[in-house]
>>> print(open('final29.txt').read())   # compact mmCIF, C-alpha atoms
# COMPACT_ATOMS: atom_id res chain seq x y z
CA MET A 26 -33.88 71.27 -202.58
CA MET A 27 -33.48 71.02 -206.37
CA GLU A 28 -32.48 67.36 -206.18
CA LEU A 29 -35.92 66.57 -204.72
CA PHE A 30 -37.44 67.51 -208.10
CA GLU A 31 -35.03 65.20 -209.89
CA ILE A 32 -36.28 62.08 -208.07
CA GLU A 33 -38.34 59.87 -210.38
CA GLY A 34 -41.37 58.34 -208.72
CA ILE A 35 -42.77 58.28 -205.22
CA TYR A 36 -41.00 54.98 -204.48
CA GLU A 37 -37.63 56.62 -205.07
CA PHE A 38 -38.74 59.61 -202.99
CA PHE A 39 -39.45 57.48 -199.92
CA LYS A 40 -36.21 55.57 -200.46
CA TYR A 41 -34.32 58.89 -200.58
CA LEU A 42 -36.13 59.96 -197.40
CA LEU A 43 -35.16 56.73 -195.59
CA VAL A 44 -31.56 57.06 -196.74
CA LYS A 45 -31.42 60.68 -195.55
CA LEU A 46 -32.83 59.68 -192.16
CA GLY A 47 -30.12 57.03 -191.89
CA ILE A 48 -32.60 54.17 -191.35
CA TYR A 49 -32.23 52.51 -194.78
CA HIS A 50 -28.82 51.11 -193.88
CA TYR A 51 -30.24 49.20 -190.88
CA LEU A 52 -33.35 47.98 -192.73
CA GLU A 53 -31.26 46.53 -195.54
CA ARG A 54 -29.93 43.79 -193.25
CA ILE A 55 -33.23 41.90 -193.57
CA LEU A 56 -34.05 40.78 -197.12
CA TYR A 57 -36.85 42.74 -198.85
CA LEU A 58 -37.68 44.66 -195.65
CA PRO A 59 -36.99 48.17 -197.08
CA GLU A 60 -39.00 47.40 -200.23
CA ILE A 61 -41.97 46.05 -198.28
CA LEU A 62 -41.83 48.99 -195.88
CA ILE A 63 -41.71 51.53 -198.72
CA TYR A 64 -44.63 49.89 -200.53
CA LEU A 65 -46.59 49.88 -197.26
CA ILE A 66 -45.90 53.60 -196.74
CA MET A 67 -46.89 54.31 -200.36
CA GLY A 68 -50.16 52.41 -199.93
CA LEU A 69 -50.99 54.25 -196.72
CA THR A 70 -50.12 57.59 -198.34
CA LEU A 71 -52.42 56.85 -201.26
CA PHE A 72 -55.20 55.64 -198.94
CA GLY A 73 -54.99 58.70 -196.72
CA GLY A 74 -54.84 60.96 -199.75
CA ILE A 75 -57.89 59.31 -201.25
CA VAL A 76 -59.91 59.60 -198.06
CA ILE A 77 -59.12 63.31 -197.68
CA ILE A 78 -59.59 64.10 -201.38
CA ALA A 79 -62.87 62.16 -201.60
CA LEU A 80 -64.25 63.87 -198.50
CA TYR A 81 -63.32 67.32 -199.78
CA LEU A 82 -64.65 66.52 -203.25
CA SER A 83 -68.01 65.78 -201.63
CA TYR A 84 -67.77 69.14 -199.86
CA LEU A 85 -66.84 70.87 -203.14
CA GLU A 86 -69.75 69.18 -204.90
CA ARG A 87 -72.29 70.21 -202.26
CA LYS A 88 -71.00 73.78 -202.17
CA PHE A 89 -70.73 74.13 -205.96
CA ILE A 90 -74.18 72.71 -206.68
CA GLY A 91 -75.58 74.74 -203.80
CA HIS A 92 -74.26 77.97 -205.29
CA ILE A 93 -75.54 77.02 -208.76
CA GLN A 94 -79.01 76.47 -207.31
CA VAL A 95 -78.83 79.80 -205.39
CA ARG A 96 -78.44 78.33 -201.91
CA LEU A 97 -75.43 78.15 -199.65
CA GLY A 98 -74.74 74.45 -199.14
CA PRO A 99 -73.28 73.26 -195.81
CA MET A 100 -72.60 76.27 -193.55
CA ARG A 101 -72.80 75.11 -189.91
CA VAL A 102 -69.60 73.12 -189.16
CA GLY A 103 -66.57 75.39 -189.24
CA PRO A 104 -66.18 78.54 -191.38
CA HIS A 105 -68.38 78.12 -194.50
CA GLY A 106 -68.93 74.50 -193.48
CA PHE A 107 -65.29 73.70 -194.12
CA LEU A 108 -65.18 70.95 -191.46
CA GLN A 109 -68.42 69.33 -192.69
CA PRO A 110 -66.65 66.38 -194.43
CA ILE A 111 -64.71 65.60 -191.24
CA ALA A 112 -67.99 65.50 -189.31
CA ASP A 113 -69.50 63.25 -192.01
CA PHE A 114 -66.53 60.90 -191.80
CA LEU A 115 -66.80 60.65 -187.99
CA LYS A 116 -70.49 59.91 -188.42
CA PHE A 117 -69.70 57.03 -190.81
CA LEU A 118 -67.20 55.57 -188.37
CA GLN A 119 -69.48 55.51 -185.35
CA LYS A 120 -72.58 54.19 -187.15
CA GLU A 121 -73.77 50.69 -186.44
CA GLU A 122 -73.12 48.13 -189.18
CA ILE A 123 -76.57 46.75 -189.97
CA ILE A 124 -76.50 43.51 -191.95
CA PRO A 125 -79.96 42.49 -193.22
CA GLU A 126 -81.14 39.20 -191.74
CA LYS A 127 -81.87 37.36 -194.99
CA SER A 128 -78.84 38.70 -196.83
CA ASP A 129 -75.88 36.62 -197.91
CA LYS A 130 -73.57 37.62 -195.05
CA LEU A 131 -70.20 36.80 -196.62
CA PHE A 132 -70.82 38.49 -199.98
CA PHE A 133 -72.55 41.39 -198.26
CA ILE A 134 -69.40 42.08 -196.27
CA ILE A 135 -66.83 41.58 -199.04
CA SER A 136 -68.70 43.34 -201.86
CA PRO A 137 -67.77 46.92 -200.75
CA LEU A 138 -64.13 45.81 -200.81
CA LEU A 139 -64.58 44.20 -204.24
CA VAL A 140 -65.73 47.59 -205.50
CA PHE A 141 -63.21 49.68 -203.58
CA VAL A 142 -59.97 47.74 -204.14
CA PRO A 143 -60.01 47.82 -208.00
CA ALA A 144 -60.81 51.54 -207.89
CA PHE A 145 -57.92 52.06 -205.47
CA ILE A 146 -55.50 50.13 -207.72
CA THR A 147 -56.53 52.11 -210.83
CA LEU A 148 -55.82 55.36 -209.01
CA SER A 149 -52.30 54.18 -208.17
CA LEU A 150 -51.59 53.76 -211.91
CA ILE A 151 -52.30 57.41 -212.76
CA PRO A 152 -49.16 59.57 -213.17
CA LEU A 153 -49.68 62.85 -211.32
CA GLY A 154 -46.70 64.75 -212.70
CA ARG A 155 -43.47 64.51 -214.65
CA ASN A 156 -41.68 62.74 -211.79
CA LEU A 157 -44.64 62.18 -209.50
CA PHE A 158 -46.13 58.72 -209.97
CA PHE A 159 -46.80 55.71 -207.77
CA THR A 160 -46.20 53.02 -210.41
CA ASP A 161 -44.87 53.16 -213.97
CA PHE A 162 -45.96 50.06 -215.87
CA SER A 163 -45.26 49.55 -219.56
CA ILE A 164 -48.99 48.85 -220.11
CA SER A 165 -50.52 51.09 -217.43
CA LEU A 166 -53.34 52.33 -219.70
CA LEU A 167 -54.54 48.80 -220.44
CA LEU A 168 -54.19 47.86 -216.78
CA VAL A 169 -56.47 50.74 -215.74
CA PHE A 170 -59.29 49.32 -217.86
CA SER A 171 -58.71 45.68 -217.03
CA ILE A 172 -58.68 46.30 -213.30
CA SER A 173 -61.60 48.69 -213.27
CA SER A 174 -63.67 46.11 -215.18
CA ALA A 175 -63.29 43.80 -212.17
CA SER A 176 -65.36 46.16 -210.01
CA VAL A 177 -68.51 45.26 -211.99
CA LEU A 178 -68.50 41.92 -210.17
CA GLY A 179 -68.54 43.69 -206.80
CA VAL A 180 -71.46 45.88 -207.86
CA ILE A 181 -73.57 42.91 -208.97
CA LEU A 182 -72.73 40.96 -205.81
CA ALA A 183 -73.59 43.98 -203.63
CA GLY A 184 -76.99 44.25 -205.28
CA TRP A 185 -77.67 40.53 -205.13
CA SER A 186 -76.43 39.76 -201.63
CA SER A 187 -78.53 42.42 -199.87
CA ASN A 188 -81.71 40.51 -200.84
CA ASN A 189 -83.75 43.59 -201.70
CA LYS A 190 -85.55 44.04 -205.00
CA TYR A 191 -84.45 47.63 -205.44
CA SER A 192 -80.85 46.65 -204.76
CA ILE A 193 -80.84 43.83 -207.28
CA LEU A 194 -82.53 46.01 -209.92
CA GLY A 195 -79.93 48.70 -209.28
CA GLY A 196 -77.11 46.18 -209.43
CA MET A 197 -78.32 44.74 -212.74
CA ARG A 198 -78.79 48.20 -214.21
CA THR A 199 -75.35 49.30 -213.09
CA ALA A 200 -73.74 46.20 -214.56
CA ALA A 201 -75.57 46.65 -217.88
CA GLN A 202 -74.54 50.28 -218.01
CA LEU A 203 -70.90 49.62 -217.11
CA ILE A 204 -70.55 46.81 -219.64
CA SER A 205 -72.23 48.66 -222.51
CA TYR A 206 -70.21 51.85 -221.96
CA GLU A 207 -66.90 50.04 -221.68
CA LEU A 208 -66.97 49.53 -225.48
CA PRO A 209 -67.07 53.19 -226.63
CA LEU A 210 -64.70 54.11 -223.78
CA VAL A 211 -62.06 51.66 -224.98
CA LEU A 212 -62.65 52.64 -228.63
CA ALA A 213 -62.00 56.28 -227.76
CA VAL A 214 -58.83 55.24 -225.95
CA ILE A 215 -57.57 53.17 -228.88
CA THR A 216 -57.55 56.36 -230.99
CA VAL A 217 -54.97 57.82 -228.61
CA VAL A 218 -53.01 54.57 -228.53
CA ILE A 219 -52.77 54.59 -232.34
CA LEU A 220 -51.69 58.25 -232.38
CA SER A 221 -49.04 57.88 -229.66
CA GLY A 222 -47.99 54.29 -230.33
CA SER A 223 -47.76 53.44 -226.64
CA LEU A 224 -49.80 51.93 -223.81
CA ASN A 225 -47.76 53.65 -221.12
CA LEU A 226 -49.52 56.70 -219.66
CA GLN A 227 -46.24 58.52 -219.10
CA GLU A 228 -45.17 57.96 -222.72
CA ILE A 229 -48.58 59.12 -223.97
CA VAL A 230 -48.28 62.35 -221.98
CA LYS A 231 -44.69 62.88 -223.11
CA ALA A 232 -45.81 62.48 -226.75
CA GLN A 233 -48.12 65.48 -226.27
CA GLY A 234 -45.34 67.98 -225.51
CA GLY A 235 -44.51 70.83 -227.87
CA TYR A 236 -46.64 73.22 -229.94
CA PHE A 237 -48.28 73.51 -233.38
CA LEU A 238 -47.38 76.90 -234.97
CA SER A 239 -45.66 77.66 -231.63
CA PHE A 240 -48.86 78.50 -229.73
CA ILE A 241 -51.41 75.64 -229.98
CA PRO A 242 -50.27 72.85 -227.61
CA LYS A 243 -49.84 69.43 -229.21
CA TRP A 244 -52.59 67.85 -227.13
CA TYR A 245 -54.53 65.09 -228.83
CA ILE A 246 -57.79 67.05 -228.58
CA PHE A 247 -56.34 69.47 -231.16
CA TYR A 248 -55.61 66.70 -233.69
CA LEU A 249 -58.34 67.45 -236.20
CA PRO A 250 -60.68 65.75 -237.03
CA VAL A 251 -60.25 62.73 -234.75
CA GLY A 252 -59.20 64.45 -231.51
CA PRO A 253 -62.37 66.36 -230.54
CA ILE A 254 -64.65 63.43 -231.49
CA GLY A 255 -62.56 61.00 -229.48
CA ALA A 256 -62.47 63.34 -226.49
CA LEU A 257 -66.27 63.75 -226.66
CA ILE A 258 -66.84 59.98 -226.81
CA LEU A 259 -64.42 59.47 -223.92
CA PHE A 260 -66.11 62.19 -221.86
CA ILE A 261 -69.66 60.87 -222.41
CA SER A 262 -68.77 57.25 -221.81
CA SER A 263 -66.67 57.98 -218.75
CA LEU A 264 -69.62 59.96 -217.36
CA ALA A 265 -71.64 56.76 -217.75
CA GLU A 266 -68.85 54.64 -216.28
CA MET A 267 -68.74 56.89 -213.22
CA GLY A 268 -72.53 56.80 -212.88
CA ARG A 269 -72.83 60.59 -212.89
CA THR A 270 -75.76 62.64 -214.15
CA PRO A 271 -77.24 62.41 -216.81
CA PHE A 272 -76.39 58.72 -216.57
CA ASP A 273 -76.88 58.22 -212.83
CA LEU A 274 -79.37 55.41 -213.33
CA PRO A 275 -77.54 53.16 -210.84
CA GLU A 276 -78.81 55.33 -208.02
CA ALA A 277 -81.93 56.84 -209.53
CA GLU A 278 -83.39 57.78 -206.17
CA SER A 279 -86.90 58.43 -207.48
CA GLU A 280 -87.29 54.90 -208.84
CA LEU A 281 -84.72 52.68 -207.12
CA VAL A 282 -84.34 54.21 -203.62
CA ALA A 283 -80.54 54.26 -203.89
CA GLY A 284 -79.62 51.45 -206.26
CA TYR A 285 -77.25 48.65 -205.33
CA ASN A 286 -76.08 50.24 -202.07
CA THR A 287 -79.54 50.70 -200.52
CA GLU A 288 -78.95 48.28 -197.63
CA PHE A 289 -75.43 49.41 -196.76
CA CYS A 290 -74.62 51.82 -193.97
CA GLY A 291 -71.72 53.12 -191.95
CA VAL A 292 -68.22 52.21 -193.06
CA MET A 293 -69.42 49.83 -195.80
CA TRP A 294 -71.42 52.61 -197.41
CA ALA A 295 -68.42 54.91 -197.02
CA PHE A 296 -66.41 52.46 -199.14
CA PHE A 297 -68.99 52.77 -201.93
CA MET A 298 -68.90 56.54 -201.65
CA PHE A 299 -65.09 56.61 -201.75
CA SER A 300 -64.97 54.33 -204.79
CA GLU A 301 -67.52 56.55 -206.53
CA TYR A 302 -65.32 59.60 -205.98
CA ILE A 303 -62.23 57.62 -207.03
CA HIS A 304 -64.03 56.75 -210.27
CA LEU A 305 -64.72 60.45 -210.70
CA ILE A 306 -61.05 61.31 -210.20
CA VAL A 307 -59.80 58.47 -212.43
CA GLY A 308 -62.27 59.35 -215.21
CA ALA A 309 -61.31 63.04 -215.12
CA SER A 310 -57.60 62.25 -215.00
CA LEU A 311 -57.86 59.76 -217.90
CA LEU A 312 -59.50 62.45 -220.03
CA THR A 313 -56.73 64.84 -218.97
CA LEU A 314 -53.92 62.38 -219.63
CA LEU A 315 -55.19 61.10 -222.96
CA TYR A 316 -56.58 64.19 -224.65
CA LEU A 317 -55.63 67.30 -222.66
CA GLY A 318 -51.90 66.77 -222.42
CA GLY A 319 -51.76 65.46 -218.84
CA TRP A 320 -49.15 67.37 -216.88
CA GLN A 321 -47.80 69.21 -219.95
CA GLY A 322 -47.93 72.97 -219.63
CA PRO A 323 -45.67 76.03 -219.52
CA LEU A 324 -44.08 77.74 -216.49
CA LEU A 325 -45.83 76.04 -213.55
CA PRO A 326 -44.68 72.68 -212.11
CA SER A 327 -46.17 69.64 -213.86
CA PHE A 328 -48.36 68.36 -211.01
CA ILE A 329 -50.06 71.76 -210.65
CA TRP A 330 -51.02 71.69 -214.35
CA PHE A 331 -52.37 68.18 -213.91
CA GLY A 332 -54.34 69.18 -210.81
CA VAL A 333 -55.82 72.26 -212.47
CA LYS A 334 -56.97 70.30 -215.53
CA VAL A 335 -58.51 67.55 -213.41
CA ILE A 336 -60.31 70.04 -211.16
CA VAL A 337 -61.71 71.88 -214.20
CA ILE A 338 -63.12 68.61 -215.63
CA ILE A 339 -64.56 67.62 -212.24
CA LEU A 340 -66.27 71.01 -211.94
CA LEU A 341 -67.65 70.55 -215.48
CA ILE A 342 -69.09 67.17 -214.45
CA MET A 343 -70.64 68.72 -211.32
CA TRP A 344 -72.07 71.54 -213.44
CA ILE A 345 -73.70 68.93 -215.70
CA ARG A 346 -75.13 67.24 -212.62
CA ALA A 347 -76.73 70.47 -211.47
CA THR A 348 -78.36 71.28 -214.80
CA ILE A 349 -79.26 68.21 -216.89
CA PRO A 350 -82.05 65.69 -216.08
CA ARG A 351 -81.56 61.93 -216.06
CA VAL A 352 -82.01 59.82 -219.22
CA ARG A 353 -84.12 56.64 -219.40
CA ILE A 354 -82.45 53.22 -219.42
CA ASP A 355 -83.42 52.45 -223.04
CA GLN A 356 -82.17 55.88 -224.18
CA LEU A 357 -78.93 55.21 -222.33
CA LEU A 358 -78.32 51.85 -224.00
CA SER A 359 -79.35 53.01 -227.47
CA LEU A 360 -77.07 56.05 -227.18
CA SER A 361 -74.19 53.72 -226.41
CA LEU A 362 -74.85 51.07 -229.05
CA LYS A 363 -76.35 53.14 -231.88
CA VAL A 364 -74.40 56.40 -231.68
CA LEU A 365 -71.17 56.16 -229.69
CA LEU A 366 -70.06 52.70 -230.84
CA PRO A 367 -70.29 53.36 -234.64
CA LEU A 368 -68.77 56.81 -234.12
CA GLY A 369 -65.90 55.27 -232.19
CA ILE A 370 -65.21 52.68 -234.88
CA LEU A 371 -65.34 55.37 -237.59
CA ASN A 372 -62.97 57.45 -235.49
CA ILE A 373 -60.46 54.61 -235.26
CA PHE A 374 -60.73 54.09 -239.04
CA ILE A 375 -60.01 57.77 -239.76
CA THR A 376 -57.17 57.77 -237.23
CA GLY A 377 -55.64 54.79 -238.99
CA LEU A 378 -55.84 56.59 -242.34
CA VAL A 379 -54.33 59.76 -240.86
CA VAL A 380 -51.44 57.85 -239.29
CA LEU A 381 -50.91 55.89 -242.50
CA TRP A 382 -50.82 58.90 -244.83
CA PHE A 383 -49.07 61.56 -242.73
CA MET B 25 -44.66 33.69 -204.59
CA PHE B 26 -45.32 30.98 -207.16
CA TYR B 27 -46.34 28.51 -204.46
CA LEU B 28 -48.70 31.03 -202.87
CA LEU B 29 -50.43 31.60 -206.21
CA ALA B 30 -50.48 27.88 -206.94
CA ILE B 31 -52.12 27.17 -203.58
CA ILE B 32 -54.74 29.88 -204.25
CA ILE B 33 -55.49 28.52 -207.73
CA ILE B 34 -55.72 24.88 -206.65
CA PHE B 35 -57.75 25.65 -203.54
CA SER B 36 -60.26 27.82 -205.41
CA SER B 37 -60.53 25.33 -208.28
CA LEU B 38 -61.34 22.59 -205.77
CA MET B 39 -63.85 24.85 -204.03
CA ILE B 40 -65.63 25.41 -207.38
CA LEU B 41 -66.37 21.70 -207.40
CA LYS B 42 -67.07 21.33 -203.69
CA THR B 43 -69.52 24.19 -203.06
CA LYS B 44 -73.27 23.59 -203.28
CA ARG B 45 -74.26 27.08 -204.47
CA VAL B 46 -73.66 28.26 -208.02
CA ILE B 47 -72.88 31.86 -207.05
CA THR B 48 -70.15 30.82 -204.61
CA ALA B 49 -68.63 28.64 -207.31
CA ALA B 50 -68.67 31.63 -209.69
CA VAL B 51 -66.82 33.81 -207.17
CA PHE B 52 -64.21 31.08 -206.62
CA LEU B 53 -63.81 30.83 -210.40
CA ALA B 54 -63.07 34.58 -210.42
CA LEU B 55 -60.50 34.06 -207.65
CA SER B 56 -58.73 31.29 -209.57
CA LEU B 57 -58.69 33.44 -212.73
CA PHE B 58 -57.07 36.22 -210.69
CA GLY B 59 -54.47 33.71 -209.57
CA VAL B 60 -53.72 32.74 -213.18
CA ALA B 61 -53.27 36.44 -213.99
CA GLY B 62 -50.78 36.57 -211.12
CA LEU B 63 -48.87 33.64 -212.66
CA TYR B 64 -48.63 35.55 -215.95
CA ILE B 65 -47.19 38.53 -214.05
CA LEU B 66 -44.58 36.22 -212.49
CA LEU B 67 -43.64 35.16 -216.02
CA SER B 68 -43.33 38.91 -216.78
CA ALA B 69 -46.04 38.62 -219.44
CA TYR B 70 -47.83 41.79 -218.29
CA PHE B 71 -49.90 42.18 -221.44
CA ILE B 72 -51.40 38.70 -221.19
CA ALA B 73 -52.09 39.25 -217.49
CA ALA B 74 -53.99 42.47 -218.22
CA ILE B 75 -55.94 40.83 -221.04
CA GLN B 76 -56.71 37.86 -218.76
CA LEU B 77 -58.22 40.24 -216.20
CA LEU B 78 -60.08 42.25 -218.85
CA ILE B 79 -61.64 39.30 -220.64
CA TYR B 80 -62.13 36.65 -217.97
CA VAL B 81 -62.81 38.63 -214.81
CA GLY B 82 -64.41 41.64 -216.49
CA GLY B 83 -66.27 39.86 -219.26
CA VAL B 84 -66.82 36.15 -218.82
CA MET B 85 -67.40 36.26 -215.06
CA VAL B 86 -69.94 39.06 -215.34
CA LEU B 87 -71.70 37.07 -218.07
CA ILE B 88 -71.79 33.98 -215.83
CA VAL B 89 -73.14 35.94 -212.85
CA PHE B 90 -75.76 37.57 -215.08
CA GLY B 91 -76.75 34.12 -216.30
CA ILE B 92 -77.11 32.83 -212.74
CA PHE B 93 -79.32 35.77 -211.74
CA LEU B 94 -81.56 35.67 -214.77
CA THR B 95 -82.19 31.93 -214.69
CA GLY B 96 -83.49 32.02 -211.11
CA GLY B 97 -83.35 28.85 -209.04
CA GLU B 98 -81.34 28.48 -205.84
CA GLY B 99 -78.62 31.01 -206.70
>>> encode(input="final29.txt", output="structure tokens")
Amino acid sequence: MMELFEIEGIYEFFKYLLVKLGIYHYLERILYLPEILIYLIMGLTLFGGIVIIALYLSYLERKFIGHIQVRLGPMRVGPHGFLQPIADFLKFLQKEEIIPEKSDKLFFIISPLLVFVPAFITLSLIPLGRNLFFTDFSISLLLVFSISSASVLGVILAGWSSNNKYSILGGMRTAAQLISYELPLVLAVITVVILSGSLNLQEIVKAQGGYFLSFIPKWYIFYLPVGPIGALILFISSLAEMGRTPFDLPEAESELVAGYNTEFCGVMWAFFMFSEYIHLIVGASLLTLLYLGGWQGPLLPSFIWFGVKVIVIILLIMWIRATIPRVRIDQLLSLSLKVLLPLGILNIFITGLVVLWF
Amino acid sequence: MFYLLAIIIIFSSLMILKTKRVITAAVFLALSLFGVAGLYILLSAYFIAAIQLLIYVGGVMVLIVFGIFLTGGEG
């Protein structure tokens, strides 16, 4: 049993499993077959995991916000509404796919995938524990941002192809928001890259091991004065990147119906919902990995520490959603360009001085 | 793998010229830029591949699509 914890990476885990089952030997006769099979299994594992986690995050969100607002949330399906997400998922699957008559059919159909696939790839780059990761690239941090920036194209195309004025307004707004908040987000990340000297998420987390004065963990949020400011910038701008309250202008239901995904229904809408929850998970786990020490922590196994930190941040984001009203679009853009961007540049400058002198 | 990427790049570059609609051409441009990023990965230049995606697909393409929407016309 102990050797299971020694295996590095999920790829190696499945390989070990195939070898133990005695199948690997037969598969090896055909070139690349075991590799392709293992990657296929990994992809399906990640996909199934995402679907289940996204559905239960929606349940958690409805329950949590319900209890904050002194109501019960979903209660009918199963004990305390525990099977509600399953019922929702079945509802998505059996709904009719309505494609508007004057829409651009091809782009209307591929745009949910253009949003979902980049989100899916970014999630596969996140290390979940000391030895629990899907991929381990040397530049995984940079790759997360470069791939997630590709989903902006899908959002604009979704808004444009549905041929609806609310959709196109929502799509334009979303694109403007995502582009303008990418700058402070990346500036806050560069602070960590300067401090750790690496673009690999695993290396960044490993650099945060150990303690100051033997009780304060060496997480980057405790690196005064740059750590807390960087973490705050990262938190605010990843809230905007995820499109969560108070920056949920992409789907401001009182003014835009539902934003860029107004015309979508059934499985295509489910893809948008899944990618929204994946953005939530990726944003929370980036904050955890970069500033809160990732899977570092005493006693408990590494992936439990990672899970606990991510869940705490997700609950914080849901708490914000339940309490704070939405900002206006001009306030949103001026916050990004007038406050967060100069603060981020100043932060990088101070970080450079700190690294240079100490 | 190289030939697959090369076929994707050449096909999408030709389609940029052949299509009538500007927006379709823009999407094919994005596809060919993705293919070029794939070529960089084959050369094991991961950093350049990531920067290619970040700048061209994330930045330049979005700018082009914005330009197409805001200028009106056929689309």
>>> atom_distance(input="final29.txt", atom1="CA of Leu42 in chain A", atom2="CA of Gly68 in chain A")
16.1 Å
>>> interface_residues(input="final29.txt", of="chain A", to="chain B", cutoff="12 Å", atoms="all atoms listed in the file", output="PyMOL selection string")
chain A and resi 129+131-132+135-136+139+143+162-182+184-186+188+193-194+196-201+203-205+207-208+211+224-225
>>> atom_distance(input="final29.txt", atom1="CA of Ile338 in chain A", atom2="CA of Ser359 in chain A")
25.4 Å
>>> residues_around(input="final29.txt", residues="Phe374 in chain A", least_positions_apart="4", cutoff="12 Å", atoms="all atoms listed in the file", output="number ranges by chain")
A: 212-213, 215-216, 219-220, 250-251, 255, 367-370, 378-381
>>> write_last_selection(input="final29.txt", atoms="C-alpha atoms", output="mmCIF file, keeping the file's coordinate frame")
data_model
loop_
_atom_site.group_PDB
_atom_site.id
_atom_site.type_symbol
_atom_site.label_atom_id
_atom_site.label_comp_id
_atom_site.auth_asym_id
_atom_site.auth_seq_id
_atom_site.Cartn_x
_atom_site.Cartn_y
_atom_site.Cartn_z
ATOM 1 C CA LEU A 212 -62.650 52.640 -228.630
ATOM 2 C CA ALA A 213 -62.000 56.280 -227.760
ATOM 3 C CA ILE A 215 -57.570 53.170 -228.880
ATOM 4 C CA THR A 216 -57.550 56.360 -230.990
ATOM 5 C CA ILE A 219 -52.770 54.590 -232.340
ATOM 6 C CA LEU A 220 -51.690 58.250 -232.380
ATOM 7 C CA PRO A 250 -60.680 65.750 -237.030
ATOM 8 C CA VAL A 251 -60.250 62.730 -234.750
ATOM 9 C CA GLY A 255 -62.560 61.000 -229.480
ATOM 10 C CA PRO A 367 -70.290 53.360 -234.640
ATOM 11 C CA LEU A 368 -68.770 56.810 -234.120
ATOM 12 C CA GLY A 369 -65.900 55.270 -232.190
ATOM 13 C CA ILE A 370 -65.210 52.680 -234.880
ATOM 14 C CA LEU A 378 -55.840 56.590 -242.340
ATOM 15 C CA VAL A 379 -54.330 59.760 -240.860
ATOM 16 C CA VAL A 380 -51.440 57.850 -239.290
ATOM 17 C CA LEU A 381 -50.910 55.890 -242.500
#
>>> residues_around(input="final29.txt", residues="Leu63 in chain B", least_positions_apart="2", cutoff="12 Å", atoms="only C-alpha atoms", output="list of chain:residue names")
B:Met25, B:Phe26, B:Tyr27, B:Leu28, B:Leu29, B:Ala30, B:Ile31, B:Ile32, B:Ile33, B:Ser56, B:Leu57, B:Phe58, B:Gly59, B:Val60, B:Ala61, B:Ile65, B:Leu66, B:Leu67, B:Ser68, B:Ala69, B:Tyr70, B:Ile72, B:Ala73, B:Ala74, B:Gln76, B:Leu77
>>> residues_around(input="final29.txt", residues="Ser36 in chain B", least_positions_apart="2", cutoff="8 Å", atoms="all atoms listed in the file", output="PyMOL selection string")
chain B and resi 32-34+38-40+52-53+55-56
>>> closest_residue(input="final29.txt", among="A:Tyr316, A:Tyr302, A:Phe237, A:Phe89", to="Ile254 in chain A", atoms="only C-alpha atoms")
A:Tyr316
>>> atom_distance(input="final29.txt", atom1="CA of Gln227 in chain A", atom2="CA of Val307 in chain A")
15.1 Å
>>> residues_around(input="final29.txt", residues="range 93-103 of chain A", least_positions_apart="6", cutoff="10 Å", atoms="all atoms listed in the file", output="list in words")
Tyr84, Leu85, Glu86, Arg87, Gln109, Pro110, Ile111, Ala112, Met343, Trp344, Ala347 and Thr348 of chain A
>>> residues_around(input="final29.txt", residues="Glu33 in chain A", least_positions_apart="5", cutoff="10 Å", atoms="all atoms listed in the file", output="list in words")
Phe38, Gly154, Arg155, Asn156, Leu157, Phe158 and Phe159 of chain A
>>> closest_residue(input="final29.txt", among="A:Gly332, A:Pro209, A:Gly234, A:Gly291", to="Leu257 in chain A", atoms="all atoms listed in the file")
A:Pro209
>>> closest_residue(input="final29.txt", among="A:Leu210, A:Ala232, A:Leu274, A:Leu281", to="Ile261 in chain A", atoms="all atoms listed in the file")
A:Leu210
>>> build_atoms(input="final29.txt", residues="range 265-272 of chain A", atoms="N, CA and C atoms", output="CSV table (one decimal), in the frame of the given file")
chain,number,residue,atom,x,y,z
A,265,ALA,N,-70.8,57.9,-218.0
A,265,ALA,CA,-71.6,56.8,-217.8
A,265,ALA,C,-70.9,55.8,-216.9
A,266,GLU,N,-69.6,55.6,-217.1
A,266,GLU,CA,-68.8,54.6,-216.3
A,266,GLU,C,-68.8,55.1,-214.8
A,267,MET,N,-68.8,56.4,-214.6
A,267,MET,CA,-68.7,56.9,-213.2
A,267,MET,C,-70.1,56.9,-212.6
A,268,GLY,N,-71.2,56.7,-213.4
A,268,GLY,CA,-72.5,56.8,-212.9
A,268,GLY,C,-72.9,58.2,-212.4
A,269,ARG,N,-72.5,59.2,-213.2
A,269,ARG,CA,-72.8,60.6,-212.9
A,269,ARG,C,-74.0,61.0,-213.8
A,270,THR,N,-74.7,62.1,-213.3
A,270,THR,CA,-75.8,62.6,-214.2
A,270,THR,C,-75.2,63.0,-215.5
A,271,PRO,N,-75.9,62.9,-216.6
A,271,PRO,CA,-77.2,62.4,-216.8
A,271,PRO,C,-77.4,60.9,-216.8
A,272,PHE,N,-76.3,60.2,-216.5
A,272,PHE,CA,-76.4,58.7,-216.6
A,272,PHE,C,-76.4,58.1,-215.2
